[in-house]
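I have placed the structure first, in the form of structure tokens, so that the comments after it can refer back to it.
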Amino acid sequence: MAIIERPTEIPDTANRGVRPAPKASTNYGYLRRPVETTGWRSWAFTVDHKKIGIMYGAVAMFFFILGGLEAALIRLQLAGPDGTILSADKYNQMFTMHATTMVFLFVMPMAAAFANYFIPLQIGARDVAFPRLNALSLWVFVFGGVFLNTSWFLGGGADGGWFMYAPNSSVPFSPTNGVDFWGLGLQITGIASLVGAINLIVTVLNMRAPGMSMMKMPIFTWMAFVVQMLLLFAIPVITVALFLLMFQRSFGAQFFSVEAGADPLLWQHLFWIFGHPEVYILVLPSFGIISEVLPVFSKKPLFGYPFVVFSGAAIGFVGWGVWAHHMFASGLGPVSVAVFSVATMAIAVPTGVKIINWTLTLWGGKLTFTTAMLFAVGLIVQFTIGGLSGVTHAVAPSDTQQTDTYYIVAHFHYVIFGGAVLGLFSGFYYWWPKVFGKLLSESLGKWNFWLMIAGMNLTFGPMHIIGLQGQPRRMYRWTEFRAGEGFFNLGFWNLVATIGTFVLGVGILLFLVNIWITHRPNSKTPPAPADPWDARSLEWITSSPPKEYNFARTPQVSQLDEFFHRKYEDVGEGDKHEYVQKMTGEEVIQFEEDNADPNIHLPAPSYWPMVLAFALPVMAYGVIYNTLLIVAGAAIATMAMFGWALEPADAEASDFDPPVEGDEMSKELANV
Amino acid sequence: MSESLISDTVKDAVEIVKDHHHDVHDHDVHGGDDHSGDHGGHHTSLGLSNTKLAMWLFLGSECLLFGGLISTYMLYRNRHSENLGPDQLWDIPFTSATSFVLLTSSLTMVLAVSAAKRKDLRNTKIYLGVTALLGGLFLAGQIYEFTVFYREGLGFTTSLFSSSFFTLTGFHGVHVSIGIIMLVAMIGMLSKEKVSGDEAEAVEMVGLYWHFVDIVWIIIFTLVYLIPA
Ligand code: HEM
Ligand SMILES: [Cu+2]
């Protein structure tokens with residue numbers, strides 16, 4: 001596909017920085033290839049996995065803030081009795097859209113951001129297997145997310161809860177277009193995930209640097225790989241469910257209408273066959289991140305790497321057999337309930353294995369508590385709390401008591417916020433210097449961490465009590481009259497939870513402040529050293545931020561923790577390992593650059609991914625408003641696909657060259 | 001009657017899988033989507049081309065899509081009014097005939113792929129054309145069948161049975177249509193020499209997809225039409 005099959009001259013050490021200037025492009029297909037190397041075009045049409053990763057991250061961050069504001073409104077409404085900030089209807093929309101935004105538009109794409117950026121770097125590749133498809137995933141996700149949220153201005157958001165059970169999802173109960181936007185929007189973002197999954201799986205399987213066997217792969221790449229496998233098989237299932245929903249709402253079918261003899265459990269099964277693996281899709285990337293961070297700041301290899309890999313894969317398998325534990329209260333029958341109950345408890349085992357591995361990694365290590373490390377340890381603690389309350393509802397009888405109360409809300413936020421979000425933040429601090437070449441402020445980072453931890457425990461901790469006291473989830477009001485007495489007074493704990501939300505909000509805000517302080521125009525933050533953390537894995541064997549072509553030459557891998565083993569020599573005898581430093585990180589990188597490969601292929605940018613992605617929301621609006629739009633969208637899509645297919649594989653030498661920083665020539669070219 | 005064909009198709013499937021082994025160094029200039037570094041020697045870690053691996057993964061994912069749709073149909077196939085169920089509607093000889101046409105198209109697809117491997121461009125195009133034609137014939141049969149059902153009173157929203165039947169077979173029909181577009185586009189691109197990368201592999205990719213759609217139809221035909229409700 002879009003790739004340049006031609007040598008690019010890499011500066012040898014003698015005259016570093018001299019590179020042939022990019023030339024104007026020739027015409028291909030309908031349009032010329034984009035050649036811009038600066039300005040917005042260099043981002044919009046890029047196929048560089050690093051730029052795509054950054055954009056994924058930025059957009060996901062935006063949606064995190066949006067979802068957080070929605071959560072804040074929910075908590076404000078429930079801060080005191082008889083809240084008046086939201087109507088019952090708006091409240092329903094708020095929690096539905098909060099969850100949808102957080103799950104599908106923040107955690108999943110943020111994990112995709114990390115996967116996109118780091119998988120190729122961690123396996124020693126120049127890019128992903130299909131660079132243009134990668135750009136397609138990004139834009140499909142962006143347009144899908146925006147499409148989903150335009151529902152706010154077009155009659156209101158979806159209001160059926162994030163798992164959108166029938167009959168709440170059908171027109172009589174949800175007459176606005178909110179649910180239509182929800183279904184179509186998730187359909188679109190699902191395409192992004194599916195395309196991304198195929199792309200990244202092929203990348204991991206096929207593009208590893210010489211010597212990197214699967215069991216020498218960095219652990220983050222492994223976990224991200226398992227996630228892509230889960231996506232590959234989970235997305236089509238929810239796709240079916242969403243199509244049935246669309247046919248029900250827009251074309252008069254009755255798939256979920258009990259009055260027509262339908263079985264409403266059909267939706268529940270389809271949703272949770274997707275939904276339970278989805279839980280692992282949310283947390284495994286973060287597990288991968290902290291499995292990178294913990295060893296680095298313990299100065300020890302990850303304890304039991306193969307166990308972490310296999311338990312990750314095991315979660316990936318068993319995760320398919322437990323979906324019905326979300327349906328204990330739906331009358332499945334005692335045998336099914338028992339089976340799913342036991343299976344669910346079984347899945348606690350591989351998860352427990354991971355926690356043990358992490359703990360043993362820390363054990364006896366030389367610990368440094370950087371912000372990244374704090375977030376990683378925070379994840380272990382908070383996730384374990386969530387896991388414990390989780391075990392209480394694998395027990396079906398106790399679950400039937402807890403289901404649909406705030407206890408559940410407490411549980412899954414400990415698991416998801418604790419297990420996924422904290423890990424993502426650990427990744428932000430750990431890899432920031434790699435991606436942007438500057439270290440975030442550690443002191444601000446510590447504030448960021450402690451406020452988030454305090455905030456999340458204040459927010460979600462009291463929800464255990466609120467829930468056990470019987471406050472239902474998804475209730476837009478509670479009354480003083482039934483709030484109870486003394487320690488268990490609902491009013492008090494609801495207020496605490498709301499205050500906690502704002503503490504949490506300030507914590508998250510500090511992260512943005514930290515970015516601003518580090519990168520504002522006259523910031524005093526110096527460029528980060530090439531190896532600030534004494535890291536272990538392959539992505540650090542290149543400059544920070546990495547060049548467009550990632551590595552000066554494709555690294556030759558001989559060990560797990562390749563970078564570490566290039567820096568340190570084992571002088572221990574027999575089974576005893578003792579490592580002494582033989583090279584610094586800078587020297588290792590320098591060595592690679594001194595031996596740079598003169599022949600580098602880089603994929604060429606393309607317009608078509610964005611055009612094709614744009615066609616999808618057009619068609620989706622068509623489903624809701626006007627069939628003509630479907631036709632228009634399909635026409636755009638067809639045009640884009642042909643343009644895509646006709647784009648030659650081998651771009652001419654004049655087409656695109658890796659940009660030369662601040663080069664006048666390339667700036668001029670931006671206006672060609 | 002169609003047994004030998006089925007065994008042929010199975011043999012082809014086996015061939016296709018086997019192919020991967022001698023494929024490894026076959027195409028130096030495949031899709032071009034591999035830039036793992038070494039100039040010239042297009043090395044992939046598995047020795048399987050990226051495009052092919054991607055197609056297999058995609059088809060794996062498609063299995064679950066059809067799995068979901070088929071399950072929905074199986075759940076609802078008895079939920080219909082007295083006189084508008086499978087027993088009253090199915091015209092097994094007719095659908096067998098169209099199924100046979102689709103199976104035959106798999107055979108011509110195989111011939112196209114093998115012609116492409118021999119770099120026999122003329123025959124490649126001819127067989128691709130015949131495949132597209134047979135696919136079109138199948139689709140025409142399906143549309144005809146749908147109109148007959150519709151005239152007998154079976155609309156998309158008539159019953160749970162009808163909705164799930166039309167959804168399942170409709171999805172399959174869309175897959176066939178996309179396949180035909182791919183075949184026709186392939187012929188055009190071969191004529192204009194616009195195929196990026198290895199032509200034989202591009203044809204093979206279309207072939208993989210086409211065989212998959214065919215196999216799905218065999219399953220649908222068996223479960224929906226042949227097994228009595
Ligand atoms: C920023 C901090 C967050 C706060 C303060 C927060 C707060 C809340 C609250 C109060 C509810 C309950 C609404 C109700 O049932 O009445 C809720 C629901 C939910 N939240 Fe969060 N949340 C946060 C972050 C997240 C994240 C990161 C995720 C997932 C990635 C998430 C996923 C969910 C889900 C799935 C629901 C259930 C919605 C439903 O009942 O349909 N939340 N959240
Ligand atoms: Cu679950």
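FYI, nothing fancy with the structure tokens labels: chains A, B, ... in order, residues from 1 per chain, ligands from 1 as they appear.
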
Secondary structure check, alpha helix (DSSP H) residues of segment 296-406 of chain A, as a PDB file with N, CA and C atoms, in the first residue's frame:
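Once everything was written out, this is selection_11.pdb:
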ATOM      1  N   VAL A 296      10.830  -1.007  35.589  1.00  0.00           N
ATOM      2  CA  VAL A 296      11.798   0.069  35.387  1.00  0.00           C
ATOM      3  C   VAL A 296      12.094   0.776  36.707  1.00  0.00           C
ATOM      4  N   PHE A 297      11.056   1.041  37.493  1.00  0.00           N
ATOM      5  CA  PHE A 297      11.273   1.796  38.728  1.00  0.00           C
ATOM      6  C   PHE A 297      11.535   0.889  39.926  1.00  0.00           C
ATOM      7  N   SER A 298      11.627  -0.425  39.681  1.00  0.00           N
ATOM      8  CA  SER A 298      12.083  -1.336  40.727  1.00  0.00           C
ATOM      9  C   SER A 298      13.493  -1.815  40.420  1.00  0.00           C
ATOM     10  N   TYR A 305       7.605 -13.065  33.701  1.00  0.00           N
ATOM     11  CA  TYR A 305       7.076 -12.574  32.420  1.00  0.00           C
ATOM     12  C   TYR A 305       6.157 -13.573  31.727  1.00  0.00           C
ATOM     13  N   PRO A 306       6.575 -14.853  31.605  1.00  0.00           N
ATOM     14  CA  PRO A 306       5.659 -15.783  30.913  1.00  0.00           C
ATOM     15  C   PRO A 306       4.313 -15.933  31.606  1.00  0.00           C
ATOM     16  N   PHE A 307       4.308 -15.838  32.943  1.00  0.00           N
ATOM     17  CA  PHE A 307       3.021 -15.943  33.640  1.00  0.00           C
ATOM     18  C   PHE A 307       2.127 -14.756  33.330  1.00  0.00           C
ATOM     19  N   VAL A 308       2.758 -13.588  33.276  1.00  0.00           N
ATOM     20  CA  VAL A 308       1.953 -12.403  32.961  1.00  0.00           C
ATOM     21  C   VAL A 308       1.390 -12.524  31.549  1.00  0.00           C
ATOM     22  N   VAL A 309       2.230 -13.015  30.629  1.00  0.00           N
ATOM     23  CA  VAL A 309       1.744 -13.191  29.263  1.00  0.00           C
ATOM     24  C   VAL A 309       0.598 -14.189  29.229  1.00  0.00           C
ATOM     25  N   PHE A 310       0.814 -15.345  29.834  1.00  0.00           N
ATOM     26  CA  PHE A 310      -0.206 -16.384  29.719  1.00  0.00           C
ATOM     27  C   PHE A 310      -1.463 -16.053  30.514  1.00  0.00           C
ATOM     28  N   SER A 311      -1.292 -15.392  31.657  1.00  0.00           N
ATOM     29  CA  SER A 311      -2.511 -15.027  32.368  1.00  0.00           C
ATOM     30  C   SER A 311      -3.274 -13.983  31.561  1.00  0.00           C
ATOM     31  N   GLY A 312      -2.541 -13.116  30.861  1.00  0.00           N
ATOM     32  CA  GLY A 312      -3.222 -12.160  29.987  1.00  0.00           C
ATOM     33  C   GLY A 312      -4.001 -12.875  28.908  1.00  0.00           C
ATOM     34  N   ALA A 313      -3.345 -13.855  28.282  1.00  0.00           N
ATOM     35  CA  ALA A 313      -4.022 -14.612  27.236  1.00  0.00           C
ATOM     36  C   ALA A 313      -5.184 -15.421  27.819  1.00  0.00           C
ATOM     37  N   ALA A 314      -4.986 -15.949  29.039  1.00  0.00           N
ATOM     38  CA  ALA A 314      -6.054 -16.732  29.666  1.00  0.00           C
ATOM     39  C   ALA A 314      -7.272 -15.867  29.924  1.00  0.00           C
ATOM     40  N   ILE A 315      -7.025 -14.654  30.419  1.00  0.00           N
ATOM     41  CA  ILE A 315      -8.148 -13.732  30.611  1.00  0.00           C
ATOM     42  C   ILE A 315      -8.865 -13.540  29.287  1.00  0.00           C
ATOM     43  N   GLY A 316      -8.041 -13.451  28.236  1.00  0.00           N
ATOM     44  CA  GLY A 316      -8.612 -13.275  26.908  1.00  0.00           C
ATOM     45  C   GLY A 316      -9.529 -14.421  26.510  1.00  0.00           C
ATOM     46  N   PHE A 317      -9.200 -15.634  26.932  1.00  0.00           N
ATOM     47  CA  PHE A 317     -10.055 -16.776  26.584  1.00  0.00           C
ATOM     48  C   PHE A 317     -11.253 -16.911  27.518  1.00  0.00           C
ATOM     49  N   VAL A 318     -10.962 -16.970  28.826  1.00  0.00           N
ATOM     50  CA  VAL A 318     -12.044 -17.202  29.777  1.00  0.00           C
ATOM     51  C   VAL A 318     -13.058 -16.064  29.708  1.00  0.00           C
ATOM     52  N   PRO A 334     -31.537 -21.718  37.369  1.00  0.00           N
ATOM     53  CA  PRO A 334     -30.501 -21.979  38.371  1.00  0.00           C
ATOM     54  C   PRO A 334     -29.225 -22.602  37.809  1.00  0.00           C
ATOM     55  N   VAL A 335     -29.342 -23.483  36.803  1.00  0.00           N
ATOM     56  CA  VAL A 335     -28.133 -24.137  36.308  1.00  0.00           C
ATOM     57  C   VAL A 335     -27.221 -23.120  35.630  1.00  0.00           C
ATOM     58  N   SER A 336     -27.790 -22.332  34.726  1.00  0.00           N
ATOM     59  CA  SER A 336     -26.979 -21.322  34.054  1.00  0.00           C
ATOM     60  C   SER A 336     -26.344 -20.406  35.067  1.00  0.00           C
ATOM     61  N   VAL A 337     -27.130 -19.995  36.039  1.00  0.00           N
ATOM     62  CA  VAL A 337     -26.596 -19.059  37.022  1.00  0.00           C
ATOM     63  C   VAL A 337     -25.411 -19.688  37.754  1.00  0.00           C
ATOM     64  N   ALA A 338     -25.555 -20.967  38.127  1.00  0.00           N
ATOM     65  CA  ALA A 338     -24.466 -21.620  38.850  1.00  0.00           C
ATOM     66  C   ALA A 338     -23.224 -21.715  37.985  1.00  0.00           C
ATOM     67  N   VAL A 339     -23.409 -22.131  36.728  1.00  0.00           N
ATOM     68  CA  VAL A 339     -22.267 -22.290  35.837  1.00  0.00           C
ATOM     69  C   VAL A 339     -21.538 -20.970  35.655  1.00  0.00           C
ATOM     70  N   PHE A 340     -22.295 -19.936  35.352  1.00  0.00           N
ATOM     71  CA  PHE A 340     -21.654 -18.655  35.101  1.00  0.00           C
ATOM     72  C   PHE A 340     -21.040 -18.077  36.369  1.00  0.00           C
ATOM     73  N   SER A 341     -21.644 -18.431  37.489  1.00  0.00           N
ATOM     74  CA  SER A 341     -21.094 -17.960  38.749  1.00  0.00           C
ATOM     75  C   SER A 341     -19.711 -18.552  38.984  1.00  0.00           C
ATOM     76  N   VAL A 342     -19.600 -19.867  38.775  1.00  0.00           N
ATOM     77  CA  VAL A 342     -18.314 -20.531  38.988  1.00  0.00           C
ATOM     78  C   VAL A 342     -17.279 -20.035  37.979  1.00  0.00           C
ATOM     79  N   ALA A 343     -17.692 -19.931  36.699  1.00  0.00           N
ATOM     80  CA  ALA A 343     -16.765 -19.462  35.667  1.00  0.00           C
ATOM     81  C   ALA A 343     -16.232 -18.087  36.024  1.00  0.00           C
ATOM     82  N   THR A 344     -17.118 -17.275  36.588  1.00  0.00           N
ATOM     83  CA  THR A 344     -16.708 -15.920  36.919  1.00  0.00           C
ATOM     84  C   THR A 344     -15.671 -15.919  38.032  1.00  0.00           C
ATOM     85  N   MET A 345     -15.885 -16.811  39.000  1.00  0.00           N
ATOM     86  CA  MET A 345     -14.886 -16.870  40.065  1.00  0.00           C
ATOM     87  C   MET A 345     -13.559 -17.381  39.504  1.00  0.00           C
ATOM     88  N   ALA A 346     -13.648 -18.284  38.513  1.00  0.00           N
ATOM     89  CA  ALA A 346     -12.421 -18.817  37.936  1.00  0.00           C
ATOM     90  C   ALA A 346     -11.585 -17.719  37.290  1.00  0.00           C
ATOM     91  N   ILE A 347     -12.260 -16.734  36.754  1.00  0.00           N
ATOM     92  CA  ILE A 347     -11.509 -15.707  36.037  1.00  0.00           C
ATOM     93  C   ILE A 347     -10.734 -14.820  36.998  1.00  0.00           C
ATOM     94  N   ALA A 348     -11.104 -14.890  38.274  1.00  0.00           N
ATOM     95  CA  ALA A 348     -10.341 -14.130  39.257  1.00  0.00           C
ATOM     96  C   ALA A 348      -8.923 -14.684  39.363  1.00  0.00           C
ATOM     97  N   VAL A 349      -8.728 -15.949  38.971  1.00  0.00           N
ATOM     98  CA  VAL A 349      -7.410 -16.562  39.138  1.00  0.00           C
ATOM     99  C   VAL A 349      -6.329 -15.893  38.285  1.00  0.00           C
ATOM    100  N   PRO A 350      -6.507 -15.854  36.942  1.00  0.00           N
ATOM    101  CA  PRO A 350      -5.445 -15.183  36.171  1.00  0.00           C
ATOM    102  C   PRO A 350      -5.243 -13.732  36.589  1.00  0.00           C
ATOM    103  N   THR A 351      -6.327 -13.081  36.999  1.00  0.00           N
ATOM    104  CA  THR A 351      -6.172 -11.697  37.446  1.00  0.00           C
ATOM    105  C   THR A 351      -5.329 -11.652  38.715  1.00  0.00           C
ATOM    106  N   GLY A 352      -5.598 -12.601  39.606  1.00  0.00           N
ATOM    107  CA  GLY A 352      -4.809 -12.685  40.829  1.00  0.00           C
ATOM    108  C   GLY A 352      -3.338 -12.954  40.529  1.00  0.00           C
ATOM    109  N   VAL A 353      -3.098 -13.822  39.539  1.00  0.00           N
ATOM    110  CA  VAL A 353      -1.721 -14.129  39.143  1.00  0.00           C
ATOM    111  C   VAL A 353      -0.980 -12.844  38.799  1.00  0.00           C
ATOM    112  N   LYS A 354      -1.658 -11.981  38.072  1.00  0.00           N
ATOM    113  CA  LYS A 354      -1.031 -10.729  37.671  1.00  0.00           C
ATOM    114  C   LYS A 354      -0.661  -9.896  38.884  1.00  0.00           C
ATOM    115  N   ILE A 355      -1.591  -9.807  39.803  1.00  0.00           N
ATOM    116  CA  ILE A 355      -1.329  -8.959  40.973  1.00  0.00           C
ATOM    117  C   ILE A 355      -0.144  -9.511  41.755  1.00  0.00           C
ATOM    118  N   ILE A 356      -0.073 -10.842  41.850  1.00  0.00           N
ATOM    119  CA  ILE A 356       1.066 -11.451  42.534  1.00  0.00           C
ATOM    120  C   ILE A 356       2.364 -11.140  41.802  1.00  0.00           C
ATOM    121  N   ASN A 357       2.341 -11.251  40.475  1.00  0.00           N
ATOM    122  CA  ASN A 357       3.540 -10.947  39.696  1.00  0.00           C
ATOM    123  C   ASN A 357       4.023  -9.520  39.919  1.00  0.00           C
ATOM    124  N   TRP A 358       3.061  -8.606  39.926  1.00  0.00           N
ATOM    125  CA  TRP A 358       3.452  -7.204  40.132  1.00  0.00           C
ATOM    126  C   TRP A 358       4.068  -7.019  41.515  1.00  0.00           C
ATOM    127  N   THR A 359       3.414  -7.633  42.487  1.00  0.00           N
ATOM    128  CA  THR A 359       3.922  -7.463  43.853  1.00  0.00           C
ATOM    129  C   THR A 359       5.328  -8.030  43.971  1.00  0.00           C
ATOM    130  N   LEU A 360       5.540  -9.183  43.356  1.00  0.00           N
ATOM    131  CA  LEU A 360       6.869  -9.786  43.449  1.00  0.00           C
ATOM    132  C   LEU A 360       7.903  -9.016  42.623  1.00  0.00           C
ATOM    133  N   THR A 361       7.427  -8.282  41.627  1.00  0.00           N
ATOM    134  CA  THR A 361       8.358  -7.417  40.900  1.00  0.00           C
ATOM    135  C   THR A 361       8.861  -6.320  41.830  1.00  0.00           C
ATOM    136  N   LEU A 362       7.939  -5.782  42.625  1.00  0.00           N
ATOM    137  CA  LEU A 362       8.318  -4.713  43.549  1.00  0.00           C
ATOM    138  C   LEU A 362       9.206  -5.245  44.667  1.00  0.00           C
ATOM    139  N   THR A 371       6.198   9.827  39.493  1.00  0.00           N
ATOM    140  CA  THR A 371       4.747   9.897  39.312  1.00  0.00           C
ATOM    141  C   THR A 371       4.234   8.662  38.578  1.00  0.00           C
ATOM    142  N   ALA A 372       4.960   8.247  37.536  1.00  0.00           N
ATOM    143  CA  ALA A 372       4.525   7.072  36.777  1.00  0.00           C
ATOM    144  C   ALA A 372       4.419   5.858  37.702  1.00  0.00           C
ATOM    145  N   MET A 373       5.418   5.709  38.572  1.00  0.00           N
ATOM    146  CA  MET A 373       5.432   4.583  39.504  1.00  0.00           C
ATOM    147  C   MET A 373       4.265   4.693  40.486  1.00  0.00           C
ATOM    148  N   LEU A 374       4.016   5.907  40.977  1.00  0.00           N
ATOM    149  CA  LEU A 374       2.908   6.073  41.915  1.00  0.00           C
ATOM    150  C   LEU A 374       1.591   5.642  41.281  1.00  0.00           C
ATOM    151  N   PHE A 375       1.377   6.081  40.064  1.00  0.00           N
ATOM    152  CA  PHE A 375       0.129   5.691  39.398  1.00  0.00           C
ATOM    153  C   PHE A 375       0.067   4.170  39.226  1.00  0.00           C
ATOM    154  N   ALA A 376       1.211   3.555  38.939  1.00  0.00           N
ATOM    155  CA  ALA A 376       1.211   2.100  38.744  1.00  0.00           C
ATOM    156  C   ALA A 376       0.873   1.379  40.049  1.00  0.00           C
ATOM    157  N   VAL A 377       1.499   1.820  41.138  1.00  0.00           N
ATOM    158  CA  VAL A 377       1.190   1.192  42.418  1.00  0.00           C
ATOM    159  C   VAL A 377      -0.255   1.504  42.815  1.00  0.00           C
ATOM    160  N   GLY A 378      -0.658   2.741  42.540  1.00  0.00           N
ATOM    161  CA  GLY A 378      -2.048   3.117  42.801  1.00  0.00           C
ATOM    162  C   GLY A 378      -3.016   2.182  42.096  1.00  0.00           C
ATOM    163  N   LEU A 379      -2.679   1.816  40.866  1.00  0.00           N
ATOM    164  CA  LEU A 379      -3.543   0.901  40.123  1.00  0.00           C
ATOM    165  C   LEU A 379      -3.677  -0.420  40.872  1.00  0.00           C
ATOM    166  N   ILE A 380      -2.537  -0.964  41.311  1.00  0.00           N
ATOM    167  CA  ILE A 380      -2.608  -2.271  41.979  1.00  0.00           C
ATOM    168  C   ILE A 380      -3.549  -2.188  43.176  1.00  0.00           C
ATOM    169  N   VAL A 381      -3.367  -1.153  43.991  1.00  0.00           N
ATOM    170  CA  VAL A 381      -4.173  -1.038  45.208  1.00  0.00           C
ATOM    171  C   VAL A 381      -5.657  -0.851  44.887  1.00  0.00           C
ATOM    172  N   GLN A 382      -5.938   0.126  44.031  1.00  0.00           N
ATOM    173  CA  GLN A 382      -7.343   0.454  43.779  1.00  0.00           C
ATOM    174  C   GLN A 382      -8.053  -0.658  43.022  1.00  0.00           C
ATOM    175  N   PHE A 383      -7.328  -1.261  42.088  1.00  0.00           N
ATOM    176  CA  PHE A 383      -7.941  -2.334  41.327  1.00  0.00           C
ATOM    177  C   PHE A 383      -8.239  -3.524  42.229  1.00  0.00           C
ATOM    178  N   THR A 384      -7.350  -3.779  43.183  1.00  0.00           N
ATOM    179  CA  THR A 384      -7.589  -4.900  44.086  1.00  0.00           C
ATOM    180  C   THR A 384      -8.853  -4.663  44.912  1.00  0.00           C
ATOM    181  N   ILE A 385      -9.032  -3.432  45.371  1.00  0.00           N
ATOM    182  CA  ILE A 385     -10.274  -3.136  46.100  1.00  0.00           C
ATOM    183  C   ILE A 385     -11.482  -3.429  45.223  1.00  0.00           C
ATOM    184  N   GLY A 386     -11.402  -2.980  43.974  1.00  0.00           N
ATOM    185  CA  GLY A 386     -12.501  -3.241  43.048  1.00  0.00           C
ATOM    186  C   GLY A 386     -12.693  -4.725  42.808  1.00  0.00           C
ATOM    187  N   GLY A 387     -11.588  -5.443  42.740  1.00  0.00           N
ATOM    188  CA  GLY A 387     -11.671  -6.885  42.529  1.00  0.00           C
ATOM    189  C   GLY A 387     -12.371  -7.580  43.685  1.00  0.00           C
ATOM    190  N   LEU A 388     -12.081  -7.107  44.903  1.00  0.00           N
ATOM    191  CA  LEU A 388     -12.706  -7.752  46.066  1.00  0.00           C
ATOM    192  C   LEU A 388     -14.212  -7.533  46.069  1.00  0.00           C
ATOM    193  N   SER A 389     -14.646  -6.304  45.815  1.00  0.00           N
ATOM    194  CA  SER A 389     -16.101  -6.109  45.786  1.00  0.00           C
ATOM    195  C   SER A 389     -16.679  -6.871  44.600  1.00  0.00           C
ATOM    196  N   GLY A 390     -15.853  -7.089  43.569  1.00  0.00           N
ATOM    197  CA  GLY A 390     -16.318  -7.869  42.423  1.00  0.00           C
ATOM    198  C   GLY A 390     -16.607  -9.309  42.794  1.00  0.00           C
ATOM    199  N   VAL A 391     -15.715  -9.894  43.604  1.00  0.00           N
ATOM    200  CA  VAL A 391     -15.934 -11.280  44.001  1.00  0.00           C
ATOM    201  C   VAL A 391     -17.251 -11.415  44.766  1.00  0.00           C
ATOM    202  N   THR A 392     -17.617 -10.369  45.524  1.00  0.00           N
ATOM    203  CA  THR A 392     -18.884 -10.475  46.256  1.00  0.00           C
ATOM    204  C   THR A 392     -20.073 -10.563  45.311  1.00  0.00           C
ATOM    205  N   HIS A 393     -19.948 -10.070  44.091  1.00  0.00           N
ATOM    206  CA  HIS A 393     -21.110 -10.312  43.239  1.00  0.00           C
ATOM    207  C   HIS A 393     -20.920 -11.384  42.178  1.00  0.00           C
ATOM    208  N   ALA A 394     -19.795 -12.088  42.227  1.00  0.00           N
ATOM    209  CA  ALA A 394     -19.760 -13.334  41.457  1.00  0.00           C
ATOM    210  C   ALA A 394     -20.652 -14.355  42.152  1.00  0.00           C
ATOM    211  N   ALA A 396     -23.854 -15.389  43.121  1.00  0.00           N
ATOM    212  CA  ALA A 396     -25.124 -14.935  42.561  1.00  0.00           C
ATOM    213  C   ALA A 396     -26.150 -14.458  43.599  1.00  0.00           C
ATOM    214  N   PRO A 397     -26.328 -15.159  44.741  1.00  0.00           N
ATOM    215  CA  PRO A 397     -27.340 -14.684  45.681  1.00  0.00           C
ATOM    216  C   PRO A 397     -27.029 -13.287  46.214  1.00  0.00           C
ATOM    217  N   SER A 398     -25.736 -13.034  46.484  1.00  0.00           N
ATOM    218  CA  SER A 398     -25.447 -11.706  46.991  1.00  0.00           C
ATOM    219  C   SER A 398     -25.581 -10.678  45.867  1.00  0.00           C
ATOM    220  N   ASP A 399     -25.288 -11.117  44.653  1.00  0.00           N
ATOM    221  CA  ASP A 399     -25.411 -10.180  43.534  1.00  0.00           C
ATOM    222  C   ASP A 399     -26.842  -9.723  43.337  1.00  0.00           C
ATOM    223  N   THR A 400     -27.762 -10.635  43.533  1.00  0.00           N
ATOM    224  CA  THR A 400     -29.152 -10.230  43.309  1.00  0.00           C
ATOM    225  C   THR A 400     -29.576  -9.146  44.296  1.00  0.00           C
ATOM    226  N   GLN A 401     -28.890  -9.090  45.440  1.00  0.00           N
ATOM    227  CA  GLN A 401     -29.151  -7.994  46.374  1.00  0.00           C
ATOM    228  C   GLN A 401     -28.521  -6.683  45.904  1.00  0.00           C
ATOM    229  N   GLN A 402     -27.316  -6.825  45.335  1.00  0.00           N
ATOM    230  CA  GLN A 402     -26.562  -5.607  45.026  1.00  0.00           C
ATOM    231  C   GLN A 402     -26.902  -5.020  43.673  1.00  0.00           C
ATOM    232  N   TYR A 406     -26.097   1.419  44.001  1.00  0.00           N
ATOM    233  CA  TYR A 406     -24.861   2.172  43.877  1.00  0.00           C
ATOM    234  C   TYR A 406     -23.631   1.333  44.204  1.00  0.00           C
TER     235      TYR A 406
END

- Task: Show me which residues sit within 6 Å of ligand 1 when counting only C-alpha atoms and all ligand atoms, and put them as a PyMOL selection string.
- Result: chain A and resi 68+71-72+74-75+95-96+99+102-103+107+161-162+409+413+416-417+473-475+501

- Contacts of ligand 2, 9 Å or closer, only C-alpha atoms and all ligand atoms, given as a VMD selection string: chain A and resid 272 to 273 275 to 280 319 322 to 326 344

- Can you tell me how far atom CA of Ala112 of chain A sits from atom CA of Arg553 of chain A, in Å to one decimal?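 Pair atom CA of Ala112 of chain A / atom CA of Arg553 of chain A returns 25.8 Å.
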
- Query: When you draw a straight line from atom CA of Glu199 of chain B to atom CA of Met109 of chain B, how long is it in Å?
  - Reply: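 Answer for the atom CA of Glu199 of chain B to atom CA of Met109 of chain B separation: 14.6 Å.
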
- When distances are computed from only C-alpha atoms, which of A:Leu148, A:Met55, A:Val240, A:Ala632 shows the smallest separation from chain B?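 Looking at the shortest contact to chain B, the residue is A:Val240.
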